[in-house]
Amino acid sequence: MKGGNMHSHQLLLNYCFGHKHSSLLLYPYSLTCNFINHGGKSANAKVVWAKYDKMDFHQEPWLMSSPEDVMGQKSTGLLMLVVATRDIAKDEEVLIDYGSDWQETWDAHANNWSSDYMQRSAAELNDSEIQLKTIFEGVYPIMTMCHYRYFANEDKHPNMDDESIEDDNDGLEEVKANLHLIEAQARIWQDLGGRKTMRGDHLRPCTILDRKPGDEEDTYLVQMFNQHQKVAADELPPQKHYVKGVPRRAILFVDSSHTSNMQNEKSFRHEIGFPDDSELWPEAWMDLK
């Protein structure tokens with residue numbers, strides 16, 4: 001149901017049927033109905049209730065129930081049909097009319113939209129960013145993750161124990177000034193077979209501190225972090241953990257939670273409506289008038 005103190009709506013709202021005067025939303029879950037787009041006055045089909053359903057999927061009494069009673073049902077019981085309003089040619093797209101309220105909201109959204117609202121996705125950055133920025137060159141709006149397997153017993157490099165670097169409140173300038181110390185004591189990244197054989201068990205957040213040009217590919221000095229490691233032995237010690245020689249192919253961009261364009265608050269969100277002259281939405285469901 002819609003209404004109440006909501007911060008924003010999910011993308012799912014775009015695929016639900018509803019009415020501006022009703023708190024009830026209906027999500028159709030058949031295989032192809034979610035592909036039917038808005039055609040406005042050019043629509044060649046419409047949605048109707050399956051009132052003469054011989055298989056009894058459609059429960060007509062629900063159309064006279066309150067939204068609360070419909071929400072309280074424990075099984076599905078409403079069936080809609082998409083019927084043509086004129087002859088539809090072969091390969092012609094099936095379109096329905098989402099209603100004037102949807103159209104007006106879409107027009108306002110399109111007129112006010114700016115490409116500046118869009119954020120580049122992790123997939124786009126993984127394909128386009130061949131040379132990665134260090135934290136001194138700029139901050140990526142999404143997470144950087146590194147494939148790195150920690151070998152506690154085999155690694156002979158000591159943990160970084162310089163107090164001037166261990167302080168969690170270090171500023172970027174101090175870290176930059178100590179890069180030579182960090183690199184001297186950093187562990188060396190081990191190639192375990194390339195990205196295709198790298199396991200997600202060893203994928204962890206990382207921060208890129210420095211870049212070293214190479215003949216075949218650049219390598220990076222990074223700070224590694226823990227993040228719910230699936231392998232207990234992969235858990236890093238509490239000290240700051242630096243690794244050098246990390247190749248580009250071992251570093252991935254990953255969308256942080258609730259940061260993709262799907263969660264963008266400026267993205268279009270509106271339920272599918274009906275033509276202004278439609279009487280499909282029952283009066284009993286109009287609880288927001």
# chains A, B, ... in the order shown; residues from 1 in each chain; ligands from 1

call {"tool": "residues_around", "arguments": {"residues": "segment 96-99 of chain A", "least_positions_apart": "3", "cutoff": "10 Å", "atoms": "only C-alpha atoms", "output": "number ranges by chain"}}
result
A: 17-19, 36-47, 82-85, 93, 102-104, 271-278

call {"tool": "write_last_selection", "arguments": {"atoms": "C-alpha atoms", "output": "mmCIF file, in the first residue's frame"}}
result
data_model
loop_
_atom_site.group_PDB
_atom_site.id
_atom_site.type_symbol
_atom_site.label_atom_id
_atom_site.label_comp_id
_atom_site.auth_asym_id
_atom_site.auth_seq_id
_atom_site.Cartn_x
_atom_site.Cartn_y
_atom_site.Cartn_z
ATOM 1 C CA PHE A 17 -1.299 -0.655 -11.066
ATOM 2 C CA GLY A 18 -2.865 1.975 -8.860
ATOM 3 C CA HIS A 19 -4.985 5.103 -8.613
ATOM 4 C CA ILE A 36 3.478 -3.337 -21.925
ATOM 5 C CA ASN A 37 4.347 0.349 -22.229
ATOM 6 C CA HIS A 38 2.318 3.547 -22.201
ATOM 7 C CA GLY A 39 0.769 4.516 -25.509
ATOM 8 C CA GLY A 40 -1.518 7.345 -24.428
ATOM 9 C CA LYS A 41 -4.008 8.208 -27.145
ATOM 10 C CA SER A 42 -2.197 5.779 -29.475
ATOM 11 C CA ALA A 43 -2.896 2.793 -27.234
ATOM 12 C CA ASN A 44 -4.140 -0.300 -29.042
ATOM 13 C CA ALA A 45 -5.168 -2.302 -25.961
ATOM 14 C CA LYS A 46 -6.707 -1.867 -22.537
ATOM 15 C CA VAL A 47 -6.858 -3.661 -19.203
ATOM 16 C CA VAL A 82 -5.253 -7.219 -21.715
ATOM 17 C CA VAL A 83 -7.635 -6.933 -24.655
ATOM 18 C CA ALA A 84 -7.097 -5.269 -28.014
ATOM 19 C CA THR A 85 -9.110 -2.141 -28.803
ATOM 20 C CA GLU A 93 3.999 -3.153 -30.022
ATOM 21 C CA TRP A 102 0.859 9.420 -15.218
ATOM 22 C CA GLN A 103 1.449 11.414 -18.423
ATOM 23 C CA GLU A 104 1.564 14.763 -16.605
ATOM 24 C CA GLU A 271 2.216 3.688 -10.542
ATOM 25 C CA ILE A 272 0.480 2.658 -13.774
ATOM 26 C CA GLY A 273 -2.907 4.322 -14.004
ATOM 27 C CA PHE A 274 -5.881 4.093 -16.327
ATOM 28 C CA PRO A 275 -7.594 6.305 -18.917
ATOM 29 C CA ASP A 276 -9.597 9.149 -17.406
ATOM 30 C CA ASP A 277 -12.884 7.620 -18.542
ATOM 31 C CA SER A 278 -12.029 4.199 -17.119
#

call {"tool": "residues_around", "arguments": {"residues": "segment 135-149 of chain A", "least_positions_apart": "5", "cutoff": "8 Å", "atoms": "only C-alpha atoms", "output": "list of chain:residue names"}}
result
A:Gln119, A:Ala122, A:Leu172, A:Lys176, A:Trp189, A:Gln190, A:Met198, A:Arg199, A:Gly200, A:His202, A:Leu203, A:Arg204, A:Pro205, A:Cys206, A:Thr207, A:Ile208, A:Leu209, A:Met224, A:Asp234, A:Ala250, A:Ile251, A:Leu252, A:Phe253, A:Val254, A:Asp255, A:Ser256, A:Thr259

call {"tool": "closest_residue", "arguments": {"among": "A:Asp116, A:Asp56, A:Trp285, A:Ala152", "to": "Met71 of chain A", "atoms": "only C-alpha atoms"}}
result
A:Trp285

call {"tool": "select_by_dssp", "arguments": {"residues": "segment 42-200 of chain A", "states": "helix (DSSP H, G or I)", "output": "ChimeraX atom specification"}}
result
/A:42,60-64,67-71,100-112,115-117,122-128,163-166,172-177,179-185,195-197,200

call {"tool": "atom_distance", "arguments": {"atom1": "atom CA of Ala184 of chain A", "atom2": "atom CA of Leu221 of chain A"}}
result
10.7 Å

call {"tool": "closest_residue", "arguments": {"among": "A:Thr76, A:Tyr242, A:Ala110, A:Asn226", "to": "Gln185 of chain A", "atoms": "only C-alpha atoms"}}
result
A:Tyr242

call {"tool": "residues_around", "arguments": {"residues": "Glu68 of chain A", "least_positions_apart": "4", "cutoff": "12 Å", "atoms": "only C-alpha atoms", "output": "compact mmCIF listing (two decimals) with N, CA, C and O atoms, in the first residue's frame"}}
result
# COMPACT_ATOMS: atom_id res chain seq x y z
N MET A 1 0.84 -1.19 0.00
CA MET A 1 0.00 0.00 0.00
C MET A 1 0.88 1.24 0.00
O MET A 1 2.00 1.23 0.49
N LYS A 2 0.36 2.32 -0.56
CA LYS A 2 1.11 3.57 -0.58
C LYS A 2 0.53 4.53 0.44
O LYS A 2 -0.52 4.29 1.02
N SER A 22 -6.34 6.11 -4.28
CA SER A 22 -6.38 4.82 -3.58
C SER A 22 -5.02 4.49 -3.00
O SER A 22 -3.98 4.77 -3.60
N SER A 23 -5.02 3.89 -1.81
CA SER A 23 -3.76 3.47 -1.18
C SER A 23 -3.33 2.08 -1.63
O SER A 23 -2.23 1.63 -1.31
N LEU A 24 -4.18 1.40 -2.39
CA LEU A 24 -3.91 0.03 -2.81
C LEU A 24 -3.08 0.01 -4.09
O LEU A 24 -3.35 0.76 -5.03
N LEU A 25 -2.08 -0.85 -4.13
CA LEU A 25 -1.27 -1.07 -5.32
C LEU A 25 -1.34 -2.54 -5.68
O LEU A 25 -1.28 -3.41 -4.81
N TRP A 62 -13.91 -9.20 -4.15
CA TRP A 62 -12.80 -8.37 -3.68
C TRP A 62 -12.92 -6.94 -4.20
O TRP A 62 -12.40 -6.01 -3.58
N MET A 64 -15.38 -5.14 -4.14
CA MET A 64 -16.27 -4.40 -3.25
C MET A 64 -15.74 -4.35 -1.83
O MET A 64 -16.40 -3.85 -0.92
N GLY A 72 -5.44 -8.09 3.33
CA GLY A 72 -5.47 -9.17 4.31
C GLY A 72 -5.68 -10.55 3.71
O GLY A 72 -5.58 -11.56 4.42
N GLN A 73 -5.95 -10.62 2.42
CA GLN A 73 -6.14 -11.91 1.77
C GLN A 73 -4.83 -12.70 1.76
O GLN A 73 -3.75 -12.14 1.58
N ALA A 284 -14.85 1.21 -3.99
CA ALA A 284 -14.56 0.76 -2.62
C ALA A 284 -13.08 0.90 -2.27
O ALA A 284 -12.73 0.92 -1.09
N TRP A 285 -12.23 1.00 -3.28
CA TRP A 285 -10.79 1.14 -3.03
C TRP A 285 -10.35 2.60 -2.96
O TRP A 285 -9.19 2.87 -2.67
N MET A 286 -11.25 3.53 -3.21
CA MET A 286 -10.89 4.96 -3.24
C MET A 286 -10.89 5.53 -1.82
O MET A 286 -11.79 6.27 -1.42
N ASP A 287 -9.87 5.20 -1.05
CA ASP A 287 -9.82 5.61 0.36
C ASP A 287 -8.99 6.87 0.59
O ASP A 287 -8.80 7.29 1.73

call {"tool": "closest_residue", "arguments": {"among": "A:His241, A:Lys289, A:Ala186, A:Arg86", "to": "Lys20 of chain A", "atoms": "only C-alpha atoms"}}
result
A:Lys289

call {"tool": "atom_distance", "arguments": {"atom1": "atom CA of Phe35 of chain A", "atom2": "atom CA of Leu78 of chain A"}}
result
19.5 Å

call {"tool": "residues_around", "arguments": {"residues": "Leu12 of chain A", "least_positions_apart": "3", "cutoff": "9 Å", "atoms": "only C-alpha atoms", "output": "list in words"}}
result
His9, Tyr15, Cys16, Tyr27, Arg269 and Glu271 of chain A

call {"tool": "atom_distance", "arguments": {"atom1": "atom CA of His109 of chain A", "atom2": "atom CA of Phe268 of chain A"}}
result
6.8 Å

call {"tool": "closest_residue", "arguments": {"among": "A:Thr219, A:Ser66, A:Ser257, A:Asn264", "to": "Leu132 of chain A", "atoms": "only C-alpha atoms"}}
result
A:Thr219

call {"tool": "closest_residue", "arguments": {"among": "A:Ala108, A:Met55, A:Leu26, A:Leu179", "to": "Pro67 of chain A", "atoms": "only C-alpha atoms"}}
result
A:Leu26
